[in-house]
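Colleague: The following file, structure37.cif, comprises mmCIF, C-alpha atoms:
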```
data_work
loop_
_atom_site.group_PDB
_atom_site.id
_atom_site.type_symbol
_atom_site.label_atom_id
_atom_site.label_comp_id
_atom_site.auth_asym_id
_atom_site.auth_seq_id
_atom_site.Cartn_x
_atom_site.Cartn_y
_atom_site.Cartn_z
ATOM 1 C CA MET A 1 0.832 -12.451 7.078
ATOM 2 C CA ASN A 2 2.286 -15.158 4.849
ATOM 3 C CA GLN A 3 3.636 -14.593 1.341
ATOM 4 C CA GLU A 4 0.721 -16.305 -0.432
ATOM 5 C CA VAL A 5 -1.782 -13.953 1.182
ATOM 6 C CA GLN A 6 0.391 -10.958 0.306
ATOM 7 C CA ASP A 7 0.555 -12.123 -3.329
ATOM 8 C CA ILE A 8 -3.242 -12.375 -3.416
ATOM 9 C CA LEU A 9 -3.589 -8.885 -1.948
ATOM 10 C CA ASP A 10 -1.185 -7.568 -4.594
ATOM 11 C CA THR A 11 -3.211 -9.207 -7.365
ATOM 12 C CA PHE A 12 -6.418 -7.742 -5.935
ATOM 13 C CA GLN A 13 -4.746 -4.322 -5.984
ATOM 14 C CA GLU A 14 -3.705 -4.804 -9.620
ATOM 15 C CA LEU A 15 -7.280 -5.700 -10.536
ATOM 16 C CA GLN A 16 -8.573 -2.583 -8.799
ATOM 17 C CA GLU A 17 -6.170 -0.442 -10.813
ATOM 18 C CA ASP A 18 -6.842 -2.172 -14.166
ATOM 19 C CA SER A 19 -8.867 0.018 -16.538
ATOM 20 C CA MET A 20 -10.290 -3.073 -18.290
ATOM 21 C CA VAL A 21 -12.060 -4.208 -15.122
ATOM 22 C CA SER A 22 -15.618 -2.972 -14.616
ATOM 23 C CA LYS A 23 -16.575 -0.923 -11.563
ATOM 24 C CA ASN A 24 -18.800 -3.758 -10.365
ATOM 25 C CA ILE A 25 -15.895 -6.226 -10.363
ATOM 26 C CA LYS A 26 -13.559 -3.656 -8.787
ATOM 27 C CA SER A 27 -16.049 -3.117 -5.976
ATOM 28 C CA LYS A 28 -16.329 -6.843 -5.269
ATOM 29 C CA VAL A 29 -12.559 -7.266 -5.432
ATOM 30 C CA ALA A 30 -12.109 -4.354 -3.015
ATOM 31 C CA ASN A 31 -14.507 -6.015 -0.553
ATOM 32 C CA MET A 32 -12.668 -9.345 -0.796
ATOM 33 C CA LYS A 33 -9.324 -7.604 -0.348
ATOM 34 C CA ALA A 34 -10.527 -5.721 2.728
ATOM 35 C CA GLU A 35 -11.915 -8.903 4.233
ATOM 36 C CA LEU A 36 -8.674 -10.786 3.627
ATOM 37 C CA GLU A 37 -6.583 -7.950 5.092
ATOM 38 C CA LYS A 38 -8.499 -7.955 8.375
ATOM 39 C CA THR A 39 -8.521 -11.737 8.721
ATOM 40 C CA LYS A 40 -6.580 -13.315 11.544
ATOM 41 C CA GLU A 41 -4.387 -16.331 10.819
ATOM 42 C CA GLU A 42 -6.708 -18.755 12.621
ATOM 43 C CA GLU A 43 -9.703 -17.620 10.522
ATOM 44 C CA LEU A 44 -7.855 -17.673 7.220
ATOM 45 C CA SER A 45 -9.187 -20.978 5.874
ATOM 46 C CA LEU A 46 -12.787 -19.945 6.546
ATOM 47 C CA ILE A 47 -12.376 -16.597 4.794
ATOM 48 C CA ALA A 48 -10.421 -18.265 1.967
ATOM 49 C CA ASN A 49 -13.369 -20.571 1.290
ATOM 50 C CA LYS A 50 -15.777 -17.645 1.249
ATOM 51 C CA ILE A 51 -13.583 -15.700 -1.171
ATOM 52 C CA ILE A 52 -13.173 -18.772 -3.410
ATOM 53 C CA TYR A 53 -16.955 -18.979 -3.700
ATOM 54 C CA GLU A 54 -17.193 -15.263 -4.543
ATOM 55 C CA LEU A 55 -14.403 -15.555 -7.120
ATOM 56 C CA GLU A 56 -16.144 -18.479 -8.806
ATOM 57 C CA GLU A 57 -19.293 -16.383 -9.119
ATOM 58 C CA LEU A 58 -17.298 -13.489 -10.588
ATOM 59 C CA SER A 59 -15.474 -15.705 -13.079
ATOM 60 C CA ASN A 60 -18.806 -16.868 -14.532
ATOM 61 C CA ASP A 61 -19.531 -13.356 -15.843
ATOM 62 C CA VAL A 62 -19.578 -13.591 -19.664
ATOM 63 C CA ASN A 63 -18.455 -9.968 -19.995
ATOM 64 C CA LEU A 64 -15.297 -10.558 -17.973
ATOM 65 C CA PRO A 65 -12.096 -10.128 -20.028
ATOM 66 C CA ALA A 66 -10.102 -13.362 -20.410
ATOM 67 C CA ASP A 67 -6.993 -12.009 -18.677
ATOM 68 C CA VAL A 68 -9.040 -10.924 -15.658
ATOM 69 C CA ARG A 69 -10.693 -14.345 -15.516
ATOM 70 C CA THR A 70 -7.236 -15.942 -15.593
ATOM 71 C CA ARG A 71 -6.099 -13.800 -12.662
ATOM 72 C CA LEU A 72 -9.219 -14.738 -10.701
ATOM 73 C CA PHE A 73 -8.511 -18.428 -11.349
ATOM 74 C CA SER A 74 -4.931 -17.864 -10.214
ATOM 75 C CA ILE A 75 -6.110 -16.335 -6.941
ATOM 76 C CA THR A 76 -8.541 -19.227 -6.461
ATOM 77 C CA THR A 77 -5.738 -21.750 -6.927
ATOM 78 C CA VAL A 78 -3.616 -20.077 -4.256
ATOM 79 C CA LEU A 79 -6.553 -19.802 -1.850
ATOM 80 C CA GLU A 80 -7.319 -23.505 -2.265
ATOM 81 C CA ARG A 81 -3.850 -24.317 -0.896
ATOM 82 C CA ILE A 82 -4.440 -22.288 2.275
#
```
Please go through the file and, once you have read it, give me the structure as structure tokens.
Modeller:
Amino acid sequence: MNQEVQDILDTFQELQEDSMVSKNIKSKVANMKAELEKTKEEELSLIANKIIYELEELSNDVNLPADVRTRLFSITTVLERI
């Protein structure tokens, strides 16, 4: 697994442990993390696109704290390079 994917997984873990993140967001992040962990290298771009779409939906939540939104945008940026 490359370093970019590991960084994304670490950020997902941080979001899951953040007390400012709602249970709904934590659940979705956990699903994305699990999907990314089980992805094979040759399927990575397909899964990255799916996760980007899901992250964009999450970031549109008006109740999302600004720092969490920033982290989601950061993950999206890294996934777009994959």
Colleague: Go through the shown structure with the PyMOL selection byres ((chain A and resi 76-82) around 12) and write out the matching residues as a VMD selection string.
Modeller: chain A and resid 2 to 9 11 to 12 36 41 to 59 69 to 75
Colleague: Write a file of the just-selected residues containing C-alpha atoms, as a CSV table (one decimal), keeping the file's coordinate frame.
Modeller:
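Now in again.csv:
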```csv
chain,number,residue,atom,x,y,z
A,2,ASN,CA,2.3,-15.2,4.8
A,3,GLN,CA,3.6,-14.6,1.3
A,4,GLU,CA,0.7,-16.3,-0.4
A,5,VAL,CA,-1.8,-14.0,1.2
A,6,GLN,CA,0.4,-11.0,0.3
A,7,ASP,CA,0.6,-12.1,-3.3
A,8,ILE,CA,-3.2,-12.4,-3.4
A,9,LEU,CA,-3.6,-8.9,-1.9
A,11,THR,CA,-3.2,-9.2,-7.4
A,12,PHE,CA,-6.4,-7.7,-5.9
A,36,LEU,CA,-8.7,-10.8,3.6
A,41,GLU,CA,-4.4,-16.3,10.8
A,42,GLU,CA,-6.7,-18.8,12.6
A,43,GLU,CA,-9.7,-17.6,10.5
A,44,LEU,CA,-7.9,-17.7,7.2
A,45,SER,CA,-9.2,-21.0,5.9
A,46,LEU,CA,-12.8,-19.9,6.5
A,47,ILE,CA,-12.4,-16.6,4.8
A,48,ALA,CA,-10.4,-18.3,2.0
A,49,ASN,CA,-13.4,-20.6,1.3
A,50,LYS,CA,-15.8,-17.6,1.2
A,51,ILE,CA,-13.6,-15.7,-1.2
A,52,ILE,CA,-13.2,-18.8,-3.4
A,53,TYR,CA,-17.0,-19.0,-3.7
A,54,GLU,CA,-17.2,-15.3,-4.5
A,55,LEU,CA,-14.4,-15.6,-7.1
A,56,GLU,CA,-16.1,-18.5,-8.8
A,57,GLU,CA,-19.3,-16.4,-9.1
A,58,LEU,CA,-17.3,-13.5,-10.6
A,59,SER,CA,-15.5,-15.7,-13.1
A,69,ARG,CA,-10.7,-14.3,-15.5
A,70,THR,CA,-7.2,-15.9,-15.6
A,71,ARG,CA,-6.1,-13.8,-12.7
A,72,LEU,CA,-9.2,-14.7,-10.7
A,73,PHE,CA,-8.5,-18.4,-11.3
A,74,SER,CA,-4.9,-17.9,-10.2
A,75,ILE,CA,-6.1,-16.3,-6.9
```
Colleague: Using all atoms of region 48-57 of chain A listed in the file and a margin of 5 Å per side, can you give the axis-aligned box centre and edge lengths in Å to one decimal, as AutoDock Vina command-line options?
Modeller:
```
--center_x -14.9 --center_y -17.9 --center_z -3.6 --size_x 18.9 --size_y 15.3 --size_z 21.1
```
Colleague: Report the residues retrieved by the PyMOL selection byres ((chain A and resi 30-32) around 9) from the displayed file, expressed as a ChimeraX atom specification.
Modeller: /A:12-13,16,25-29,33-37,51,54
Colleague: Just how far from CA of Lys38 (chain A) is CA of Glu17 (chain A), in Å to one decimal?
Modeller: 20.7 Å
Colleague: At what distance in Å, to one decimal, does CA of Asn63 (chain A) lie from CA of Ser19 (chain A)?
Modeller: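 Between these atoms lies a distance of 14.3 Å.
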Colleague: Since the input has fewer atoms than a full residue there, write region 22-50 of chain A out with N, CA and C atoms, as a compact mmCIF listing (two decimals), keeping the file's coordinate frame.
Modeller:
```
# COMPACT_ATOMS: atom_id res chain seq x y z
N SER A 22 -14.44 -3.80 -14.86
CA SER A 22 -15.62 -2.97 -14.62
C SER A 22 -15.68 -2.52 -13.15
N LYS A 23 -16.43 -1.46 -12.92
CA LYS A 23 -16.58 -0.92 -11.56
C LYS A 23 -17.21 -1.95 -10.64
N ASN A 24 -18.14 -2.73 -11.15
CA ASN A 24 -18.80 -3.76 -10.36
C ASN A 24 -17.79 -4.78 -9.85
N ILE A 25 -16.92 -5.25 -10.74
CA ILE A 25 -15.90 -6.23 -10.36
C ILE A 25 -14.90 -5.58 -9.40
N LYS A 26 -14.50 -4.35 -9.67
CA LYS A 26 -13.56 -3.66 -8.79
C LYS A 26 -14.12 -3.53 -7.37
N SER A 27 -15.41 -3.25 -7.28
CA SER A 27 -16.05 -3.12 -5.98
C SER A 27 -16.02 -4.45 -5.22
N LYS A 28 -16.34 -5.53 -5.91
CA LYS A 28 -16.33 -6.84 -5.27
C LYS A 28 -14.92 -7.25 -4.87
N VAL A 29 -13.95 -6.95 -5.73
CA VAL A 29 -12.56 -7.27 -5.43
C VAL A 29 -12.10 -6.46 -4.22
N ALA A 30 -12.48 -5.20 -4.16
CA ALA A 30 -12.11 -4.35 -3.02
C ALA A 30 -12.67 -4.92 -1.71
N ASN A 31 -13.90 -5.42 -1.75
CA ASN A 31 -14.51 -6.02 -0.55
C ASN A 31 -13.76 -7.27 -0.13
N MET A 32 -13.41 -8.12 -1.11
CA MET A 32 -12.67 -9.35 -0.80
C MET A 32 -11.30 -9.02 -0.23
N LYS A 33 -10.65 -8.02 -0.81
CA LYS A 33 -9.32 -7.60 -0.35
C LYS A 33 -9.40 -7.11 1.09
N ALA A 34 -10.37 -6.26 1.37
CA ALA A 34 -10.53 -5.72 2.73
C ALA A 34 -10.79 -6.84 3.73
N GLU A 35 -11.61 -7.79 3.33
CA GLU A 35 -11.92 -8.90 4.23
C GLU A 35 -10.68 -9.75 4.50
N LEU A 36 -9.89 -9.99 3.47
CA LEU A 36 -8.67 -10.79 3.63
C LEU A 36 -7.64 -10.06 4.48
N GLU A 37 -7.55 -8.74 4.32
CA GLU A 37 -6.58 -7.95 5.09
C GLU A 37 -6.88 -7.98 6.59
N LYS A 38 -8.15 -8.00 6.95
CA LYS A 38 -8.50 -7.96 8.38
C LYS A 38 -8.59 -9.34 9.02
N THR A 39 -8.38 -10.37 8.23
CA THR A 39 -8.52 -11.74 8.72
C THR A 39 -7.33 -12.14 9.57
N LYS A 40 -7.63 -12.77 10.69
CA LYS A 40 -6.58 -13.32 11.54
C LYS A 40 -6.16 -14.67 11.01
N GLU A 41 -4.96 -15.08 11.33
CA GLU A 41 -4.39 -16.33 10.82
C GLU A 41 -5.29 -17.53 11.09
N GLU A 42 -5.89 -17.59 12.27
CA GLU A 42 -6.71 -18.76 12.62
C GLU A 42 -8.04 -18.79 11.86
N GLU A 43 -8.46 -17.68 11.29
CA GLU A 43 -9.70 -17.62 10.52
C GLU A 43 -9.46 -17.68 9.02
N LEU A 44 -8.22 -17.80 8.63
CA LEU A 44 -7.86 -17.67 7.22
C LEU A 44 -8.53 -18.70 6.32
N SER A 45 -8.59 -19.96 6.74
CA SER A 45 -9.19 -20.98 5.87
C SER A 45 -10.68 -20.74 5.66
N LEU A 46 -11.37 -20.25 6.67
CA LEU A 46 -12.79 -19.94 6.55
C LEU A 46 -13.01 -18.81 5.55
N ILE A 47 -12.25 -17.74 5.70
CA ILE A 47 -12.38 -16.60 4.79
C ILE A 47 -11.93 -16.98 3.39
N ALA A 48 -10.89 -17.81 3.28
CA ALA A 48 -10.42 -18.26 1.97
C ALA A 48 -11.54 -18.99 1.23
N ASN A 49 -12.26 -19.86 1.92
CA ASN A 49 -13.37 -20.57 1.29
C ASN A 49 -14.46 -19.63 0.82
N LYS A 50 -14.76 -18.64 1.62
CA LYS A 50 -15.78 -17.64 1.25
C LYS A 50 -15.34 -16.88 0.00
```
